[in-house]
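What follows is the content of model-v6.tsv (TSV, C-alpha atoms).
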chain	number	residue	atom	x	y	z
H	1	MET	CA	0.00	0.00	0.00
H	2	ILE	CA	1.56	3.24	-1.13
H	3	PRO	CA	0.84	6.14	1.23
H	4	ILE	CA	-1.26	8.79	-0.45
H	5	GLU	CA	1.29	11.50	0.35
H	6	HIS	CA	3.76	9.87	-2.01
H	7	ILE	CA	1.28	9.75	-4.86
H	8	LEU	CA	0.26	13.35	-4.20
H	9	LEU	CA	3.91	14.44	-4.17
H	10	LEU	CA	4.44	12.66	-7.49
H	11	SER	CA	1.42	14.50	-8.83
H	12	ALA	CA	2.80	17.85	-7.61
H	13	LEU	CA	6.16	17.05	-9.18
H	14	LEU	CA	4.57	16.19	-12.53
H	15	PHE	CA	2.57	19.42	-12.40
H	16	ILE	CA	5.71	21.47	-11.75
H	17	ILE	CA	7.52	19.75	-14.60
H	18	GLY	CA	4.61	20.78	-16.80
H	19	VAL	CA	4.72	24.37	-15.53
H	20	LEU	CA	8.48	24.55	-16.15
H	21	GLY	CA	8.01	23.13	-19.62
H	22	VAL	CA	5.45	25.79	-20.49
H	23	MET	CA	7.59	28.59	-19.07
H	24	LEU	CA	11.03	27.56	-20.31
H	25	ARG	CA	10.55	25.89	-23.67
H	26	ARG	CA	9.86	27.93	-26.80
H	27	ASN	CA	8.81	25.09	-29.08
H	28	VAL	CA	5.03	25.22	-29.24
H	29	ILE	CA	4.66	21.43	-29.57
H	30	VAL	CA	6.69	20.85	-26.42
H	31	MET	CA	4.64	23.50	-24.60
H	32	PHE	CA	1.51	21.67	-25.69
H	33	MET	CA	2.84	18.38	-24.34
H	34	SER	CA	3.60	20.14	-21.05
H	35	ILE	CA	0.00	21.28	-20.82
H	36	GLU	CA	-1.11	17.68	-21.26
H	37	LEU	CA	1.33	16.68	-18.52
H	38	MET	CA	-0.25	19.21	-16.14
H	39	LEU	CA	-3.72	17.86	-16.90
H	40	ASN	CA	-2.54	14.35	-16.13
H	41	ALA	CA	-0.90	15.42	-12.88
H	42	VAL	CA	-4.26	16.78	-11.77
H	43	ASN	CA	-5.86	13.49	-12.84
H	44	LEU	CA	-3.43	11.62	-10.59
H	45	SER	CA	-4.44	13.72	-7.58
H	46	PHE	CA	-8.09	13.25	-8.45
H	47	VAL	CA	-7.82	9.47	-8.48
H	48	THR	CA	-5.81	9.48	-5.25
H	49	PHE	CA	-8.31	11.61	-3.39
H	50	ALA	CA	-11.21	9.63	-4.82
H	51	ARG	CA	-9.77	6.41	-3.44
H	52	SER	CA	-8.78	7.81	-0.07
H	53	LEU	CA	-12.24	9.36	0.36
H	54	ASP	CA	-14.14	6.23	-0.80
H	55	SER	CA	-15.79	8.27	-3.50
H	56	MET	CA	-16.36	7.70	-7.21
H	57	THR	CA	-16.95	11.31	-8.19
H	58	GLY	CA	-13.23	11.90	-8.72
H	59	VAL	CA	-13.06	9.08	-11.24
H	60	VAL	CA	-16.07	10.46	-13.12
H	61	PHE	CA	-14.31	13.83	-13.13
H	62	ILE	CA	-11.20	12.21	-14.63
H	63	PHE	CA	-13.38	10.91	-17.43
H	64	PHE	CA	-14.54	14.44	-18.17
H	65	ILE	CA	-11.03	15.88	-17.87
H	66	ILE	CA	-9.65	13.33	-20.32
H	67	VAL	CA	-12.40	14.13	-22.82
H	68	VAL	CA	-11.74	17.86	-22.49
H	69	ALA	CA	-7.99	17.24	-22.86
H	70	ALA	CA	-8.59	15.27	-26.03
H	71	ALA	CA	-10.78	18.04	-27.46
H	72	GLU	CA	-8.16	20.61	-26.49
H	73	ALA	CA	-5.40	18.58	-28.14
H	74	VAL	CA	-7.38	18.29	-31.37
H	75	VAL	CA	-8.20	22.00	-31.59
H	76	GLY	CA	-4.77	23.14	-30.38
H	77	LEU	CA	-2.84	21.00	-32.81
H	78	SER	CA	-4.98	22.16	-35.70
H	79	ILE	CA	-4.36	25.78	-34.69
H	80	ILE	CA	-0.61	25.07	-34.54
H	81	LEU	CA	-0.84	23.46	-37.97
H	82	SER	CA	-2.62	26.42	-39.53
H	83	ILE	CA	-0.23	28.96	-37.96
H	84	PHE	CA	2.74	26.90	-39.14
H	85	ARG	CA	1.47	27.17	-42.70
H	86	THR	CA	1.78	30.95	-42.67
H	87	ARG	CA	4.74	31.44	-40.31
H	88	LYS	CA	6.91	28.38	-41.19
H	89	THR	CA	8.16	28.13	-37.63
H	90	LEU	CA	7.26	26.46	-34.35
H	91	ASN	CA	8.81	29.13	-32.13
H	92	ILE	CA	6.18	30.61	-29.84
H	93	ASP	CA	7.89	34.04	-29.93
H	94	GLU	CA	7.09	34.32	-33.63
H	95	PHE	CA	3.39	33.72	-33.05
H	96	ASN	CA	2.40	37.36	-32.64
H	97	LEU	CA	-0.56	37.39	-35.01
H	98	LEU	CA	-2.88	39.09	-32.52
H	99	LYS	CA	-0.35	41.70	-31.48
H	100	TRP	CA	-0.83	44.43	-34.12
L	101	MET	CA	-3.28	0.47	-4.84
L	102	LEU	CA	-5.87	2.91	-6.04
L	103	ASN	CA	-8.39	0.41	-7.51
L	104	ALA	CA	-8.93	2.54	-10.59
L	105	GLU	CA	-8.76	0.08	-13.47
L	106	PHE	CA	-11.03	2.24	-15.59
L	107	VAL	CA	-8.71	5.23	-15.32
L	108	ALA	CA	-5.66	3.11	-16.15
L	109	VAL	CA	-7.25	1.65	-19.27
L	110	ILE	CA	-8.72	4.93	-20.47
L	111	GLN	CA	-5.41	6.71	-19.91
L	112	VAL	CA	-3.52	4.23	-22.07
L	113	LEU	CA	-6.27	4.18	-24.70
L	114	VAL	CA	-6.66	7.93	-25.02
L	115	TYR	CA	-3.06	9.05	-24.53
L	116	ALA	CA	-1.07	6.27	-26.17
L	117	GLY	CA	-3.75	5.45	-28.71
L	118	ALA	CA	-5.19	8.80	-29.68
L	119	ILE	CA	-3.27	11.86	-28.51
L	120	MET	CA	0.21	10.48	-29.14
L	121	VAL	CA	-0.78	9.41	-32.64
L	122	LEU	CA	-2.23	12.89	-33.21
L	123	PHE	CA	1.05	14.46	-32.06
L	124	LEU	CA	3.00	12.15	-34.35
L	125	PHE	CA	0.82	13.08	-37.32
L	126	VAL	CA	1.29	16.78	-36.64
L	127	LEU	CA	5.05	16.34	-36.17
L	128	MET	CA	5.09	14.52	-39.49
L	129	LEU	CA	3.26	17.39	-41.21
L	130	LEU	CA	5.43	20.08	-39.66
L	131	SER	CA	9.01	19.92	-40.84
L	132	SER	CA	10.74	22.49	-38.72
L	133	LYS	CA	14.47	22.47	-39.27
L	134	ASP	CA	15.35	25.42	-37.07
L	135	SER	CA	14.68	23.71	-33.75
L	136	GLU	CA	18.19	24.35	-32.47
L	137	LYS	CA	17.42	28.06	-32.55
L	138	TYR	CA	14.82	27.57	-29.83
L	139	VAL	CA	17.49	26.95	-27.21
L	140	ASN	CA	17.27	30.03	-25.07
L	141	LYS	CA	20.08	31.92	-23.54
L	142	TRP	CA	20.30	31.83	-19.77
L	143	SER	CA	18.26	34.82	-18.76
L	144	VAL	CA	16.56	36.49	-15.82
L	145	GLY	CA	13.24	35.13	-17.01
L	146	LYS	CA	14.47	31.55	-16.68
L	147	ILE	CA	15.70	32.13	-13.15
L	148	LEU	CA	12.37	33.76	-12.30
L	149	ALA	CA	10.51	30.80	-13.82
L	150	GLY	CA	12.58	28.37	-11.78
L	151	LEU	CA	12.01	30.27	-8.56
L	152	LEU	CA	8.30	30.59	-9.23
L	153	SER	CA	7.96	26.86	-9.93
L	154	LEU	CA	9.94	26.03	-6.81
L	155	GLY	CA	7.60	28.25	-4.80
L	156	ILE	CA	4.51	26.63	-6.27
L	157	PHE	CA	5.95	23.16	-5.63
L	158	ILE	CA	6.72	23.97	-2.00
L	159	GLN	CA	3.20	25.31	-1.56
L	160	ILE	CA	1.52	22.26	-3.12
L	161	ALA	CA	3.78	19.77	-1.37
L	162	GLY	CA	3.25	21.49	1.96
L	163	LEU	CA	-0.48	21.41	1.43
L	164	PHE	CA	-0.50	17.72	0.48
L	165	THR	CA	1.76	16.52	3.28
L	166	ALA	CA	0.27	18.68	6.01
L	167	ASN	CA	-0.61	16.74	9.12
L	168	GLU	CA	-3.94	18.49	9.45
L	169	LEU	CA	-4.93	17.64	5.88
L	170	GLN	CA	-8.70	17.75	6.12
L	171	LEU	CA	-10.08	15.12	3.78
L	172	GLY	CA	-13.73	15.62	4.65
L	173	SER	CA	-16.33	12.93	5.18
L	174	LYS	CA	-16.04	9.53	3.56
L	175	GLY	CA	-18.06	8.70	0.48
L	176	GLU	CA	-20.34	5.74	-0.07
L	177	TYR	CA	-17.99	3.56	-2.15
L	178	PRO	CA	-15.50	1.85	0.19
L	179	LEU	CA	-12.95	-0.64	-1.12
L	180	GLU	CA	-15.17	-3.68	-0.48
L	181	VAL	CA	-18.04	-2.28	-2.55
L	182	VAL	CA	-15.70	-1.33	-5.40
L	183	GLU	CA	-14.09	-4.77	-5.42
L	184	GLU	CA	-17.45	-6.53	-5.28
L	185	VAL	CA	-19.36	-4.53	-7.90
L	186	GLY	CA	-16.40	-3.40	-9.98
L	187	SER	CA	-15.26	0.16	-10.55
L	188	ILE	CA	-16.40	0.30	-14.18
L	189	THR	CA	-19.95	-0.66	-13.21
L	190	LEU	CA	-20.04	2.02	-10.55
L	191	ILE	CA	-18.66	4.68	-12.89
L	192	GLY	CA	-21.14	3.72	-15.56
L	193	ARG	CA	-24.03	3.95	-13.13
L	194	LEU	CA	-22.89	7.38	-11.94
L	195	LEU	CA	-22.32	8.64	-15.47
L	196	PHE	CA	-25.78	7.72	-16.63
L	197	THR	CA	-27.68	8.82	-13.52
L	198	ASP	CA	-26.15	11.69	-11.56
L	199	TYR	CA	-23.92	13.05	-14.32
L	200	ILE	CA	-26.11	12.49	-17.36
L	201	LEU	CA	-26.33	16.19	-18.22
L	202	SER	CA	-22.54	16.60	-18.04
L	203	PHE	CA	-22.17	13.49	-20.14
L	204	GLU	CA	-24.41	14.88	-22.88
L	205	ILE	CA	-22.67	18.26	-22.76
L	206	ILE	CA	-19.27	16.60	-23.09
L	207	ALA	CA	-20.55	14.71	-26.13
L	208	ILE	CA	-21.53	18.00	-27.76
L	209	LEU	CA	-18.13	19.45	-26.80
L	210	LEU	CA	-16.35	16.61	-28.60
L	211	LEU	CA	-18.49	17.15	-31.68
L	212	VAL	CA	-17.70	20.88	-31.62
L	213	ALA	CA	-13.98	20.12	-31.23
L	214	VAL	CA	-13.98	17.81	-34.23
L	215	ILE	CA	-15.84	20.31	-36.42
L	216	GLY	CA	-13.61	23.14	-35.20
L	217	ALA	CA	-10.44	21.19	-35.94
L	218	VAL	CA	-11.62	20.42	-39.46
L	219	VAL	CA	-12.54	24.06	-40.11
L	220	ILE	CA	-9.32	25.46	-38.66
L	221	ALA	CA	-6.92	23.01	-40.26
L	222	LYS	CA	-8.59	23.07	-43.67
L	223	ARG	CA	-6.27	24.35	-46.36
L	224	ARG	CA	-7.62	27.53	-47.85
L	225	PHE	CA	-7.43	28.03	-51.60
L	226	GLN	CA	-7.13	31.82	-51.80
Kindly return the structure encoded in the file as structure tokens.
Amino acid sequence: MIPIEHILLLSALLFIIGVLGVMLRRNVIVMFMSIELMLNAVNLSFVTFARSLDSMTGVVFIFFIIVVAAAEAVVGLSIILSIFRTRKTLNIDEFNLLKW
Amino acid sequence: MLNAEFVAVIQVLVYAGAIMVLFLFVLMLLSSKDSEKYVNKWSVGKILAGLLSLGIFIQIAGLFTANELQLGSKGEYPLEVVEEVGSITLIGRLLFTDYILSFEIIAILLLVAVIGAVVIAKRRFQ
């Protein structure tokens, strides 16, 4: 039996890795993967709390989060694709279409 | 263990089966050859980002490992019930009774996402 603190710490660590990825990397695909990593870290805490509280609501929530993450991945990647067609780069600093 | 077989299976199915394949397809379509230019110089912003993440991590870890972590009252699905009925059965029952409205809304959201992706990614001919 793994104590829930360890799983929660792993979840916090995964979330911070995702935050660092979004803040430090400039490649938009890697930033996108980091966002997915943050969503999954939250899923891990949800399942841990659901088990330790004898509840099923957390697991139902994970279902919804995964569906929203899939929808977000589909839309986000298609946006990246259509920006790449005009800008020919994946660097997030070049994506200033809304700036002027 | 966490007794969450449904989550394990759905995680592998959706992430390894769907999202990773989607990422691979997009990486195949995008041929970016200037990826070495993305390597940033060491800057104040990076140090700030590191400090900020460290602060957030300390906050979250302190919250999670606090001795007075208030977990609230127990729910109605203890380990024995989950092992007897099965977690997938319980999730299915909840999804189609208590959370039926959310379930229908999420179905519409998926449909909107698919249509949106097709519209956004469609190649425009002038």
Quick one: residues within 8 Å of range 203-214 of chain L, all atoms listed in the file counted, chain neighbours fewer than 5 positions away excluded, as JSON, numbers by chain?
{"H": [64, 67, 68, 71, 72, 74, 75], "L": [195, 196]}
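Closest to Ala221 in chain L among L:Leu179, L:Ile110, L:Leu129, L:Leu124 is L:Leu129, based on all atoms listed in the file.
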Please check which residues have atoms at most 12 Å from (5.0, 21.8, -17.2) in the file's coordinates, counting only C-alpha atoms, and write them as a compact mmCIF listing (two decimals) with C-alpha atoms, in the frame of the given file.
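selection.txt, freshly written:
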# COMPACT_ATOMS: atom_id res chain seq x y z
CA SER H 11 1.42 14.50 -8.83
CA ALA H 12 2.80 17.85 -7.61
CA LEU H 13 6.16 17.05 -9.18
CA LEU H 14 4.57 16.19 -12.53
CA PHE H 15 2.57 19.42 -12.40
CA ILE H 16 5.71 21.47 -11.75
CA ILE H 17 7.52 19.75 -14.60
CA GLY H 18 4.61 20.78 -16.80
CA VAL H 19 4.72 24.37 -15.53
CA LEU H 20 8.48 24.55 -16.15
CA GLY H 21 8.01 23.13 -19.62
CA VAL H 22 5.45 25.79 -20.49
CA MET H 23 7.59 28.59 -19.07
CA LEU H 24 11.03 27.56 -20.31
CA ARG H 25 10.55 25.89 -23.67
CA VAL H 30 6.69 20.85 -26.42
CA MET H 31 4.64 23.50 -24.60
CA PHE H 32 1.51 21.67 -25.69
CA MET H 33 2.84 18.38 -24.34
CA SER H 34 3.60 20.14 -21.05
CA ILE H 35 0.00 21.28 -20.82
CA GLU H 36 -1.11 17.68 -21.26
CA LEU H 37 1.33 16.68 -18.52
CA MET H 38 -0.25 19.21 -16.14
CA LEU H 39 -3.72 17.86 -16.90
CA ASN H 40 -2.54 14.35 -16.13
CA ALA H 41 -0.90 15.42 -12.88
CA VAL H 42 -4.26 16.78 -11.77
CA ALA L 149 10.51 30.80 -13.82
CA GLY L 150 12.58 28.37 -11.78
CA SER L 153 7.96 26.86 -9.93
CA ILE L 156 4.51 26.63 -6.27
CA PHE L 157 5.95 23.16 -5.63
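Between CA of Tyr115 in chain L and CA of Ala70 in chain H lies a distance of 8.5 Å.
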What are the closest atom pairs, with distances in Å to one decimal, for all residues of chain L lying within 6 Å of chain H? Consider all atoms listed in the file, order rows by chain and residue number, and present the result as a tab-separated table.
residue	atom	partner	partner_atom	distance
L:Met101	CA	H:Met1	CA	5.9
L:Leu102	CA	H:Arg51	CA	5.8
L:Tyr138	CA	H:Arg26	CA	5.8
L:Thr165	CA	H:Glu5	CA	5.8
L:Lys174	CA	H:Leu53	CA	5.0
L:Gly175	CA	H:Ser55	CA	4.6
L:Tyr177	CA	H:Asp54	CA	4.9
L:Pro178	CA	H:Asp54	CA	4.7
L:Leu210	CA	H:Ala71	CA	5.9
L:Ala213	CA	H:Ala71	CA	5.4
L:Ala217	CA	H:Val75	CA	5.0
L:Ala221	CA	H:Ser78	CA	5.0
Please return, as a PyMOL selection string, all polymer residues that have at least one atom within 8 Å of the point (-10.0, 4.1, -13.5); use all atoms listed in the file and the file's own coordinate frame.
(chain H and resi 47+59) or (chain L and resi 103-110+187-188)
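CA of Glu176 in chain L to CA of Ala161 in chain L spans 27.9 Å [interatomic distance, one decimal].
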Between CA of Lys222 in chain L and CA of Leu130 in chain L, what is the distance, to one decimal in Å?
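Separating CA of Lys222 in chain L from CA of Leu130 in chain L is a distance of 14.9 Å.
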Would you mind putting N, CA and C atoms back on range 35-46 of chain H and writing the result as a PDB file, in the frame of the given file?
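Output file part11.pdb follows:
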ATOM      1  N   ILE H  35       1.361  21.037 -21.288  1.00  0.00           N
ATOM      2  CA  ILE H  35       0.000  21.280 -20.820  1.00  0.00           C
ATOM      3  C   ILE H  35      -0.717  19.961 -20.566  1.00  0.00           C
ATOM      4  N   GLU H  36      -0.511  19.001 -21.476  1.00  0.00           N
ATOM      5  CA  GLU H  36      -1.110  17.680 -21.260  1.00  0.00           C
ATOM      6  C   GLU H  36      -0.568  17.036 -19.988  1.00  0.00           C
ATOM      7  N   LEU H  37       0.726  17.248 -19.730  1.00  0.00           N
ATOM      8  CA  LEU H  37       1.330  16.680 -18.520  1.00  0.00           C
ATOM      9  C   LEU H  37       0.690  17.279 -17.276  1.00  0.00           C
ATOM     10  N   MET H  38       0.404  18.583 -17.297  1.00  0.00           N
ATOM     11  CA  MET H  38      -0.250  19.210 -16.140  1.00  0.00           C
ATOM     12  C   MET H  38      -1.639  18.632 -15.928  1.00  0.00           C
ATOM     13  N   LEU H  39      -2.384  18.448 -17.024  1.00  0.00           N
ATOM     14  CA  LEU H  39      -3.720  17.860 -16.900  1.00  0.00           C
ATOM     15  C   LEU H  39      -3.657  16.474 -16.274  1.00  0.00           C
ATOM     16  N   ASN H  40      -2.641  15.699 -16.664  1.00  0.00           N
ATOM     17  CA  ASN H  40      -2.540  14.350 -16.130  1.00  0.00           C
ATOM     18  C   ASN H  40      -2.081  14.334 -14.689  1.00  0.00           C
ATOM     19  N   ALA H  41      -1.277  15.325 -14.298  1.00  0.00           N
ATOM     20  CA  ALA H  41      -0.900  15.420 -12.880  1.00  0.00           C
ATOM     21  C   ALA H  41      -2.128  15.657 -12.027  1.00  0.00           C
ATOM     22  N   VAL H  42      -3.025  16.526 -12.509  1.00  0.00           N
ATOM     23  CA  VAL H  42      -4.260  16.780 -11.770  1.00  0.00           C
ATOM     24  C   VAL H  42      -5.116  15.515 -11.735  1.00  0.00           C
ATOM     25  N   ASN H  43      -5.125  14.752 -12.824  1.00  0.00           N
ATOM     26  CA  ASN H  43      -5.860  13.490 -12.840  1.00  0.00           C
ATOM     27  C   ASN H  43      -5.354  12.541 -11.766  1.00  0.00           C
ATOM     28  N   LEU H  44      -4.018  12.510 -11.597  1.00  0.00           N
ATOM     29  CA  LEU H  44      -3.430  11.620 -10.590  1.00  0.00           C
ATOM     30  C   LEU H  44      -3.892  12.026  -9.196  1.00  0.00           C
ATOM     31  N   SER H  45      -3.936  13.338  -8.902  1.00  0.00           N
ATOM     32  CA  SER H  45      -4.440  13.720  -7.580  1.00  0.00           C
ATOM     33  C   SER H  45      -5.903  13.390  -7.437  1.00  0.00           C
ATOM     34  N   PHE H  46      -6.663  13.554  -8.518  1.00  0.00           N
ATOM     35  CA  PHE H  46      -8.090  13.250  -8.450  1.00  0.00           C
ATOM     36  C   PHE H  46      -8.312  11.787  -8.080  1.00  0.00           C
TER      37      PHE H  46
END
